[in-house]
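Below you'll find the structure, written out as C-alpha cells, and then a few comments.
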Amino acid sequence: MTRKQRRLTMIAGALAVLAVAAALVLNAMRSSIMFFTTPGKIAEQRIAPGTKFRLGGLVEQGSLVRGEQLKVRFEVTDGNAKVPVAYQGILPDLFREGQGVISEGSLDTSGVFHADTVLAKHDETYMPKAVADELKKEGHWKDDYGKTSSAEPAGVAK
Amino acid sequence: MIAEAGHYALVLALGLALIQSFVPLIGARVNDPALMNVSRSTAIVQFAFVLMSFLALIALHVISDFSVANVYENSHSLKPLIYKITGVWGNHEGSMLLWVFILALFGALVAIFGVNLPLSLRAHVLAVQAWIATAFYLFILLTSNPFLRIANPPIEGRDLNPILQDVGLAVHPPMLYLGYVGFSISFSFAIAALIEGRIDAAWARWVRPWTLMAWIFLTLGIAMGSYWAYYELGWGGWWFWDPVENASLMPWLAGTALLHSAVVMEKREALKIWTVLLAILTFSLSLLGTFLVRSGVLTSVHTFATDPRRGVFILMILCVFIGGSLSFYAWRAASLKQGGLFAPISREGALVLNNLLLTTACATVFVGTLYPLALEVLTGTKISVGAPFFNLTFAPLFLPLLLAVPFGPLLAWKRGDLVGAAQRLMAAGIVALATIAVVWAWEKGGSALAPLAIGLAVFVILGAVIDIAERVKLFRAPLNTSWHRAKGLPRSTWGTAFAHAGLGVALIGIICESTWNIEHIATMRLNDTAQLGGYSATFDGMTSRQGPNYREDIATFTIRQGGVAIGTMTPSKRSFTTRGMSTTEAALMSRGASQIYISLGAAEANGSITARIYYKPLVLLIWFGPVLMAFGGVLSLSDRRLRVGAPKPARPKFDGLAQPAE
C-alpha cells in the first residue's frame, strides 16, 4: 500500500468509529435524558404518566408523612403548585421540610409522583442550582437561601 | 504577618513567572545561552516562593488564625490537626494554591532534571510553563486570594464541611492535581516543539516519562476519589457520572491515548502531528476540568457559592490557552515532518485503534457533560444526563477497545500478523469462553451481558499473561531460561502487562458489583436480623460518644456467616455542631475482595433504626484494578530508558569507560 492508501484506510476507519459514536450519542440522547421541571410547570408541559423526569422544589412544611417499611410521602412546592411525592427508602441526611430537594421518577395516573431517587445536597445551606434558579424566577427566593458557606471541596464525586 | 508573607511570596512568584515567560524566548531567538538559562533559575526560585506561600497557608490553618478569611471559613480550633492541614485544599482558594504549587513543582523538576535537554527546547518548555503559571497566579491574586484578612477577627471558625474531614480527602486532591497539572509538561513540550518546528524520537522519549507520571497520579487520584465517594457518601455508589467526575475522566482518557501514541512516536517516529495534538488536548481537558469545577457552572457540591468573576476569569484562561494552542497548532503542525510508514495491521495500527477508541469515548463523555450546559445556555431547558446515557455510549465504545487490548502487544511493529496473534491468544479465548459458560450456569437471574463482560475481562487479563509468557518462552524453553528471560525483559513490558491486566481486574469488579450486588434496606429493631446471601447482620444496639468536633451515634451489628459470628460492624452518624450538619459513616467489612457495607438512616424514637445493608461481591477489584495500572505505570517509569529526565545521549564507546545508561 502506498502512503496515500494507508492514510485513506486510517481516515476511513476513524470516520467509521466516529459515525458509530455519533449514532450512539444520538440514540442515547433520545432515550436516556431526563428533563427538569417544577410543580407549577407540570400542568402546562402536559407530562405523560410514566415519563421519567426530575422534579425540583421545596419540601412543603408539615407535609412529610412516614409510613410502614420506609415508605414516605411529602409534597414538593414551588410556591404556585404542589405535587405529592411517594418514595420508599432512606431519605438523605439533609432532607428537611422547607428545604430544596430534587427527585427523579415519574407521575402515575392520579398525579402522584413516584420517586426512584431523592437528592438533597450535602450542605445545609446548599440549594440545588436548578431549584434556586426556578425559585428566583418565580419570585419565591428568600435571601437567606443565598447565605451559602464558601466551603468547597476540591475533589471528585458529589 | 504569616499571611502577608505568603501573599508577598506569591506576588514575587508572579514576577518571576513573568520574567520566565519572555526572557528565555528572547534568548532562544538570539541564541544566547545565558538568557535561555535564566529560565532554569527562575523556575527553581519560583517554586521556592510558591512553596513558602503554600506553607504559610498551612501554618495559618494549623495555628487557627481566624483573622484570615480562608481559615475562618474552613477551619475550627477543635478540628484534628490532620484535617487542619488537609482543610487547606478543601476549599476554593486553597485548592487553587495547591494547583499552582504543583505547577511550580513540575516546572522546577523540568529545570533540575532537564539538564540534558537541548538548551533551546528547555527554554521554550519552561517559558510555556511560565505562561500557564502567570495566568493562574493572576487568577489567585485577583479573584481568589487565600490570604485576605477579616477586619474584625472572629473567635471561632466555621469549620470544614464534615464530609471533607476524611483521610481520603487528604490524598485525593493532591493526587488528582499532580495528574491534571502534570499534563501541563506534555503541553509545554508540545508547544515548544511547535515553536521550534522540530520534533523527533528524542522529544517523545522526554515527554513520555512526564506523561506517564501524570497519568499514574491521575489514575490513583480518580480511584481514590471513587473509593472516598463509596465509603463516605453512605449509599455504596462508586461512580455517578457526575460532571465533576467526568471532568477528571476526560483528561485520563486523553492522557491514556497520549501515553500510547507517544510510544509509537518514540519507537517509530510516526504519528507526530497527532501526538502533539493529543498533548494539547489532554492538558486542555485538564484546564476544562478546572473550569468546570471551579467556575460554578455545574450543580455540584464542588462548585457552589462561587463568585461569577472567577468563572469569567477561568473561562478567559481556558479560551486563551485552548484556543491559542489549537490555532498555533493549526498554523505550525504542517512544519513537522512525516514519520515512518506502517501497515494497518501492526503494533502502530493497534495503537492507532487504541487512540481512536479512547478519544472517541472521551468525546462522548465530553458531549454528555457539556450538552446540558450548552442546551441551558441556548434554550433555557434544563436536562440531566446521567448514567443511562453513558452506559449507552461510553460502554459500547470501550468494549471493542478491551477486545483489542491483548492483541496490541503481540503484534510486531510496522507489519503485524493478526492470525499469529490470534493463535497465541487462543488459550486465553478458550478460558474466557469457559468462564462465560460457568458464570452463565451459576448466575441466577441478572443481566445476560454480565457473563460476557466477565469473559472479556478474563480475556484481557490472560492476554497480558500470555504476552509475558510468550516473551519468556514459558514451557517452551527450560524454566531456568524463562526465568532469565523474565529478568531480562524491559520493565516497560512488565508495566504494559500489569496495566492491561489491571483494566481486566477493574472490569470484573465493576460487573460483579453492579450485577450481583445484594441490597437490604429496612427499619431494624433491637436483635432484628437481616439476611444477605450467605451472611446475616444482627442489630445489637446503639451507643453514643463524643468526638473532637462532633457527636457520634454508633450502631453495632454482629455479622454471621452460616450461623457463626465473624465480627461486628459499627456504622455511625456524626453530628457536627458548628455547621449543624450530620454525616453518615458507613461500616465496611472485607471478605476477600468482597465487602459487606452498612450505613445508617434515621434513628427512630422507639430505639429502632433504619439501615442500608449491602453485600458487594468483588467490589474491591474496582480499585485494585487502577492500583495495578498505576503499578504498571511505575514499573514502566523505572525502565532505564525512561527515567524521569530522560537518558543522556549515548556516549561514544571509545572513551574507555562503561557508561551506565541512566
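Letters A, B, ... go to the chains of the C-alpha cells in the order shown; residues in each chain start at 1; ligands are counted from 1 in the same order.
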Practice task
When you get a sec, could you note down which chain B residues fall within 6 Å of chain A, using only C-alpha atoms, as a PyMOL selection string?
Solution key: chain B and resi 90-92+173+225+229+244-245+299+301-302+305+382-385+388-389+392-393+601
Exercise for the section: Can you pull out every residue within 12 Å of Glu519 of chain B, counting only C-alpha atoms, but drop anything in the same chain fewer than 2 positions away, and send it as a VMD selection string? Expected result: (chain A and resid 89) or (chain B and resid 235 to 237 513 to 517 521 to 522 530 to 533 596 to 599 611 to 617)
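With only C-alpha atoms taken into account, the protein and nucleic acid residues at most 10 Å from Ile42 of chain A (excluding it and anything under 4 positions from it in its own chain) are Thr37, Thr38, Arg46, Ile47, Ala48, Leu55, Ala81, Lys82, Val83, Leu107 and Gly111 of chain A.
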Problem - Counting only C-alpha atoms, the residue of B:Trp252, B:Arg208, B:Leu635, B:Gly386 that sits nearest Glu104 of chain A - result: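 Once distances to Glu104 of chain A are computed over only C-alpha atoms, the minimum belongs to B:Gly386.
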Handout entry: Ile280 of chain B environment, 9 Å, only C-alpha atoms, sequence neighbours closer than 2 positions dropped, as a list of chain:residue names
Key =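 Selected residues are B:Phe183, B:Ser184, B:Ser186, B:Phe187, B:Ser188, B:Ala190, B:Ile191, B:Thr275, B:Val276, B:Leu277, B:Leu278, B:Thr282, B:Phe283, B:Ser284, B:Leu285, B:Ile322, B:Ser325, B:Leu326, B:Tyr329.
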Problem - Distance of atom CA of Leu401 of chain B from atom CA of Leu353 of chain B, expressed in Å to one decimal place - result: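 Separating atom CA of Leu353 of chain B from atom CA of Leu401 of chain B is a distance of 7.8 Å.
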Handout entry: 7 Å contact set for Arg347 of chain B, only C-alpha atoms, chain neighbours under 5 positions out, as a PyMOL selection string
Key = chain B and resi 408-409+411-414+416
Keeping N, CA and C atoms for every residue in the selection just given, could you write it to a file as a compact mmCIF listing (two decimals), in the first residue's frame?
```
# COMPACT_ATOMS: atom_id res chain seq x y z
N GLY B 408 -2.70 -5.98 20.85
CA GLY B 408 -1.71 -4.94 20.63
C GLY B 408 -0.28 -5.38 20.87
N PRO B 409 0.04 -5.79 22.11
CA PRO B 409 1.44 -6.11 22.42
C PRO B 409 1.96 -7.32 21.65
N LEU B 411 1.42 -7.89 18.43
CA LEU B 411 1.68 -7.58 17.03
C LEU B 411 3.06 -6.96 16.91
N ALA B 412 3.71 -7.22 15.76
CA ALA B 412 5.04 -6.66 15.55
C ALA B 412 4.90 -5.23 15.07
N TRP B 413 5.97 -4.45 15.23
CA TRP B 413 5.98 -3.10 14.68
C TRP B 413 5.92 -3.19 13.16
N LYS B 414 5.47 -2.16 12.57
CA LYS B 414 5.50 -1.97 11.12
C LYS B 414 4.52 -2.87 10.36
N GLY B 416 2.23 -6.42 11.20
CA GLY B 416 1.94 -7.45 12.19
C GLY B 416 1.23 -8.64 11.58
```
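Relative to atom CA of Pro174 of chain B, atom CA of Trp623 of chain B is found at 18.0 Å.
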Practice task
Mind giving me the straight-line distance from atom CA of Asp639 of chain B to atom CA of Arg491 of chain B in Å, one decimal?
Solution key: 5.0 Å
Handout entry: Residues of segment 411-597 of chain B in strand (DSSP E or B), written as a ChimeraX atom specification
Key = /B:518-524,529-532,535-546,551-561,564-569,572-576,581-585,587-591,594-597
Exercise for the section: Excluding Val62 of chain B and any residue of its chain fewer than 2 positions from it, enumerate the residues within 8 Å of it, using only C-alpha atoms, and give them as a VMD selection string. Expected result: chain B and resid 58 to 60 64 to 65 81 84 to 85
Exercise for the section: Determine the nearest neighbour of Asp242 of chain B from the options B:Ser95, B:Thr481, B:Ser226, B:Gln20, counting only C-alpha atoms. Expected result: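 Among the listed residues, B:Ser226 lies closest to Asp242 of chain B.
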